[in-house]
>>> print(open('query_4.pdb').read())   # PDB, C-alpha atoms, pLDDT in the B column
ATOM      1  CA  MET N   1     -76.843-200.038-130.521  1.00 72.00           C
ATOM      2  CA  ASN N   2     -76.048-198.587-133.945  1.00 78.00           C
ATOM      3  CA  ALA N   3     -76.412-200.646-137.085  1.00 77.00           C
ATOM      4  CA  ASP N   4     -73.577-200.387-139.583  1.00 79.00           C
ATOM      5  CA  SER N   5     -75.878-200.836-142.599  1.00 81.00           C
ATOM      6  CA  SER N   6     -79.372-201.873-143.608  1.00 87.00           C
ATOM      7  CA  VAL N   7     -81.010-204.137-146.181  1.00 91.00           C
ATOM      8  CA  VAL N   8     -84.544-203.905-147.531  1.00 91.00           C
ATOM      9  CA  PHE N   9     -85.743-207.244-148.965  1.00 93.00           C
ATOM     10  CA  LEU N  10     -88.420-207.285-151.638  1.00 94.00           C
ATOM     11  CA  PRO N  11     -90.060-210.218-153.431  1.00 94.00           C
ATOM     12  CA  VAL N  12     -89.686-210.521-157.206  1.00 95.00           C
ATOM     13  CA  SER N  13     -91.178-212.786-159.850  1.00 93.00           C
ATOM     14  CA  ASP N  14     -87.969-213.450-161.834  1.00 95.00           C
ATOM     15  CA  ILE N  15     -84.624-212.964-160.100  1.00 96.00           C
ATOM     16  CA  GLU N  16     -82.617-213.038-163.338  1.00 97.00           C
ATOM     17  CA  LYS N  17     -84.662-210.190-164.856  1.00 97.00           C
ATOM     18  CA  THR N  18     -84.179-208.291-161.614  1.00 97.00           C
ATOM     19  CA  TYR N  19     -80.421-208.919-161.720  1.00 98.00           C
ATOM     20  CA  ARG N  20     -80.172-207.731-165.325  1.00 98.00           C
ATOM     21  CA  PHE N  21     -82.154-204.572-164.487  1.00 98.00           C
ATOM     22  CA  TYR N  22     -80.406-203.470-161.277  1.00 98.00           C
ATOM     23  CA  HIS N  23     -76.883-204.603-162.154  1.00 98.00           C
ATOM     24  CA  GLY N  24     -76.826-204.608-165.953  1.00 97.00           C
ATOM     25  CA  ILE N  25     -78.887-201.490-166.653  1.00 97.00           C
ATOM     26  CA  LEU N  26     -78.746-199.386-163.474  1.00 97.00           C
ATOM     27  CA  GLY N  27     -75.179-200.458-162.679  1.00 97.00           C
ATOM     28  CA  LEU N  28     -75.653-201.230-158.986  1.00 97.00           C
ATOM     29  CA  PRO N  29     -72.867-203.467-157.685  1.00 98.00           C
ATOM     30  CA  VAL N  30     -73.809-206.889-156.349  1.00 98.00           C
ATOM     31  CA  HIS N  31     -72.951-206.953-152.656  1.00 97.00           C
ATOM     32  CA  GLN N  32     -73.945-210.567-152.225  1.00 96.00           C
ATOM     33  CA  LYS N  33     -75.632-213.426-154.047  1.00 97.00           C
ATOM     34  CA  GLN N  34     -77.297-216.095-151.940  1.00 94.00           C
ATOM     35  CA  GLY N  35     -78.143-219.249-153.852  1.00 93.00           C
ATOM     36  CA  ASP N  36     -80.059-218.935-157.107  1.00 93.00           C
ATOM     37  CA  ALA N  37     -82.914-216.816-155.811  1.00 95.00           C
ATOM     38  CA  LEU N  38     -81.481-213.790-153.972  1.00 96.00           C
ATOM     39  CA  TYR N  39     -79.313-210.801-154.864  1.00 98.00           C
ATOM     40  CA  ILE N  40     -78.322-207.948-152.579  1.00 97.00           C
ATOM     41  CA  PHE N  41     -77.288-204.739-154.371  1.00 97.00           C
ATOM     42  CA  ASP N  42     -75.166-201.975-152.877  1.00 96.00           C
ATOM     43  CA  THR N  43     -76.776-198.544-153.304  1.00 94.00           C
ATOM     44  CA  GLY N  44     -73.845-196.734-151.705  1.00 90.00           C
ATOM     45  CA  TYR N  45     -75.605-196.017-148.406  1.00 86.00           C
ATOM     46  CA  GLY N  46     -77.482-199.264-147.796  1.00 90.00           C
ATOM     47  CA  TYR N  47     -78.587-202.378-149.594  1.00 95.00           C
ATOM     48  CA  TRP N  48     -81.576-203.550-151.585  1.00 96.00           C
ATOM     49  CA  GLY N  49     -82.206-207.272-151.506  1.00 96.00           C
ATOM     50  CA  PHE N  50     -84.456-208.988-154.033  1.00 96.00           C
ATOM     51  CA  CYS N  51     -85.629-212.538-153.553  1.00 96.00           C
ATOM     52  CA  GLN N  52     -87.642-214.907-155.705  1.00 95.00           C
ATOM     53  CA  TYR N  53     -89.381-216.652-152.824  1.00 92.00           C
ATOM     54  CA  GLN N  54     -90.702-220.160-153.291  1.00 89.00           C
ATOM     55  CA  ASP N  55     -93.732-219.650-151.024  1.00 90.00           C
ATOM     56  CA  GLY N  56     -95.907-217.756-153.503  1.00 81.00           C
ATOM     57  CA  ARG N  57     -95.077-214.244-152.282  1.00 84.00           C
ATOM     58  CA  ARG N  58     -95.779-211.654-154.933  1.00 84.00           C
ATOM     59  CA  PRO N  59     -93.983-208.379-155.664  1.00 81.00           C
ATOM     60  CA  LEU N  60     -95.138-205.387-153.596  1.00 84.00           C
ATOM     61  CA  SER N  61     -95.437-203.086-156.558  1.00 76.00           C
ATOM     62  CA  GLY N  62     -98.221-201.232-158.291  1.00 69.00           C
ATOM     63  CA  ASP N  63    -100.772-199.873-155.852  1.00 69.00           C
ATOM     64  CA  LYS N  64     -98.705-200.995-152.842  1.00 67.00           C
ATOM     65  CA  GLY N  65     -96.764-197.718-153.032  1.00 73.00           C
ATOM     66  CA  VAL N  66     -93.202-199.071-152.800  1.00 87.00           C
ATOM     67  CA  CYS N  67     -90.705-196.548-154.132  1.00 91.00           C
ATOM     68  CA  LEU N  68     -86.946-197.084-154.135  1.00 94.00           C
ATOM     69  CA  SER N  69     -85.072-193.771-154.263  1.00 94.00           C
ATOM     70  CA  LEU N  70     -81.473-193.073-155.208  1.00 95.00           C
ATOM     71  CA  ASN N  71     -80.174-189.651-154.227  1.00 95.00           C
ATOM     72  CA  LEU N  72     -77.904-187.728-156.578  1.00 96.00           C
ATOM     73  CA  ASP N  73     -75.777-184.628-155.983  1.00 95.00           C
ATOM     74  CA  SER N  74     -77.476-182.217-158.392  1.00 96.00           C
ATOM     75  CA  LYS N  75     -80.371-181.636-160.770  1.00 96.00           C
ATOM     76  CA  GLU N  76     -77.861-181.886-163.605  1.00 97.00           C
ATOM     77  CA  GLU N  77     -76.935-185.413-162.466  1.00 97.00           C
ATOM     78  CA  VAL N  78     -80.629-186.353-162.364  1.00 97.00           C
ATOM     79  CA  ILE N  79     -81.075-185.130-165.943  1.00 98.00           C
ATOM     80  CA  SER N  80     -77.872-186.861-167.066  1.00 98.00           C
ATOM     81  CA  ARG N  81     -78.946-190.162-165.505  1.00 98.00           C
ATOM     82  CA  TYR N  82     -82.362-189.829-167.138  1.00 98.00           C
ATOM     83  CA  GLU N  83     -80.744-189.325-170.545  1.00 98.00           C
ATOM     84  CA  GLN N  84     -78.600-192.432-169.993  1.00 97.00           C
ATOM     85  CA  LEU N  85     -81.574-194.618-169.029  1.00 98.00           C
ATOM     86  CA  LYS N  86     -84.645-193.345-170.890  1.00 97.00           C
ATOM     87  CA  ASP N  87     -84.245-195.660-173.905  1.00 97.00           C
ATOM     88  CA  LYS N  88     -83.362-198.730-171.794  1.00 97.00           C
ATOM     89  CA  VAL N  89     -86.171-198.740-169.212  1.00 97.00           C
ATOM     90  CA  VAL N  90     -89.864-198.037-168.777  1.00 96.00           C
ATOM     91  CA  VAL N  91     -90.143-194.370-167.787  1.00 97.00           C
ATOM     92  CA  HIS N  92     -92.970-193.688-165.346  1.00 95.00           C
ATOM     93  CA  LYS N  93     -92.396-189.908-164.966  1.00 95.00           C
ATOM     94  CA  GLU N  94     -89.864-187.655-166.666  1.00 97.00           C
ATOM     95  CA  PRO N  95     -87.604-185.321-164.645  1.00 97.00           C
ATOM     96  CA  ALA N  96     -89.591-182.631-162.855  1.00 97.00           C
ATOM     97  CA  GLU N  97     -89.995-180.748-159.610  1.00 95.00           C
ATOM     98  CA  HIS N  98     -92.280-182.642-157.242  1.00 91.00           C
ATOM     99  CA  PRO N  99     -95.558-180.743-156.638  1.00 88.00           C
ATOM    100  CA  VAL N 100     -95.502-181.335-152.842  1.00 91.00           C
ATOM    101  CA  PHE N 101     -91.967-182.203-151.723  1.00 91.00           C
ATOM    102  CA  PRO N 102     -88.779-180.182-152.374  1.00 94.00           C
ATOM    103  CA  VAL N 103     -87.415-182.783-154.801  1.00 96.00           C
ATOM    104  CA  PHE N 104     -86.379-182.850-158.460  1.00 97.00           C
ATOM    105  CA  SER N 105     -86.651-186.392-159.784  1.00 97.00           C
ATOM    106  CA  PHE N 106     -87.757-188.928-162.361  1.00 97.00           C
ATOM    107  CA  PHE N 107     -89.300-192.368-161.964  1.00 96.00           C
ATOM    108  CA  ILE N 108     -88.760-195.627-163.823  1.00 97.00           C
ATOM    109  CA  LEU N 109     -90.280-199.086-163.388  1.00 95.00           C
ATOM    110  CA  ASP N 110     -88.338-202.265-162.716  1.00 95.00           C
ATOM    111  CA  PRO N 111     -89.405-205.640-164.196  1.00 95.00           C
ATOM    112  CA  ASP N 112     -91.904-206.204-161.353  1.00 93.00           C
ATOM    113  CA  GLY N 113     -93.322-202.693-161.438  1.00 92.00           C
ATOM    114  CA  TYR N 114     -91.414-201.305-158.453  1.00 93.00           C
ATOM    115  CA  LEU N 115     -90.980-197.549-158.784  1.00 93.00           C
ATOM    116  CA  VAL N 116     -87.333-196.510-158.853  1.00 95.00           C
ATOM    117  CA  GLU N 117     -86.650-192.814-158.367  1.00 96.00           C
ATOM    118  CA  TYR N 118     -83.519-190.825-159.098  1.00 97.00           C
ATOM    119  CA  GLN N 119     -83.730-187.599-157.132  1.00 97.00           C
ATOM    120  CA  LYS N 120     -82.032-184.482-155.914  1.00 97.00           C
ATOM    121  CA  ALA N 121     -83.633-183.246-152.706  1.00 93.00           C
ATOM    122  CA  ALA N 122     -83.503-179.544-151.867  1.00 86.00           C
ATOM    123  CA  GLU N 123     -81.069-178.641-149.127  1.00 72.00           C
TER     124      GLU N 123
END
>>> encode(input="query_4.pdb", output="structure tokens")
Amino acid sequence: MNADSSVVFLPVSDIEKTYRFYHGILGLPVHQKQGDALYIFDTGYGYWGFCQYQDGRRPLSGDKGVCLSLNLDSKEEVISRYEQLKDKVVVHKEPAEHPVFPVFSFFILDPDGYLVEYQKAAE
């Protein structure tokens, strides 16, 4: 059996802030909205779902190690995207070569502290 796509669901504290960040600032298209507490965004190769659960679940950010990566075609695109976003978001790390992995990337933080990475992996 082969899946035709995948969705990762993550809890958030304020779904409207999350919507404004991922759609309004990062420009990810909304694939689906379910009720008033869940958005699924299309990353181009899969989906990220964010839900403001009513059962007390907290975001899995900070020391939990969740990192959401978006792959770009070149280092130049990584730098260009950084320049577009740097004054609109919280920058966690500026564009640089990763010290361990063959990746050039930068990191930003979403409203719940999830790390979002824009990267170009070496081929």
>>> residues_around(input="query_4.pdb", residues="Gln119 in chain N", least_positions_apart="6", cutoff="12 Å", atoms="all atoms listed in the file", output="JSON, numbers by chain")
{"N": [67, 68, 69, 70, 71, 72, 73, 74, 75, 76, 77, 78, 79, 80, 81, 82, 93, 94, 95, 96, 97, 98, 101, 102, 103, 104, 105, 106, 107, 108]}
>>> resolve_selection(input="query_4.pdb", expression="the PyMOL selection byres ((chain N and resi 44) around 10)", output="list in words")
Leu28, Pro29, Phe41, Asp42, Thr43, Tyr45, Gly46, Tyr47, Leu70 and Asn71 of chain N
>>> atom_distance(input="query_4.pdb", atom1="CA of Gly113 in chain N", atom2="CA of Arg20 in chain N")
14.6 Å
>>> closest_residue(input="query_4.pdb", among="N:Val91, N:Leu10, N:Val100, N:Leu109", to="Trp48 in chain N", atoms="only C-alpha atoms")
N:Leu10
>>> axis_aligned_box(input="query_4.pdb", around="range 43-57 of chain N", padding_each_side="8 Å", output="lines of an AutoDock Vina configuration file")
center_x = -84.9
center_y = -208.1
center_z = -151.8
size_x = 38.1
size_y = 40.1
size_z = 23.9
>>> closest_residue(input="query_4.pdb", among="N:Pro111, N:Gly27, N:Asp36, N:Gly49", to="Val8 in chain N", atoms="all atoms listed in the file")
N:Gly49
>>> closest_residue(input="query_4.pdb", among="N:Pro99, N:Asp112, N:Ala121, N:Ser13", to="Gln54 in chain N", atoms="all atoms listed in the file")
N:Ser13
>>> atom_distance(input="query_4.pdb", atom1="CA of Arg57 in chain N", atom2="CA of Pro11 in chain N")
6.5 Å
>>> atom_distance(input="query_4.pdb", atom1="CA of Gly56 in chain N", atom2="CA of Phe9 in chain N")
15.3 Å
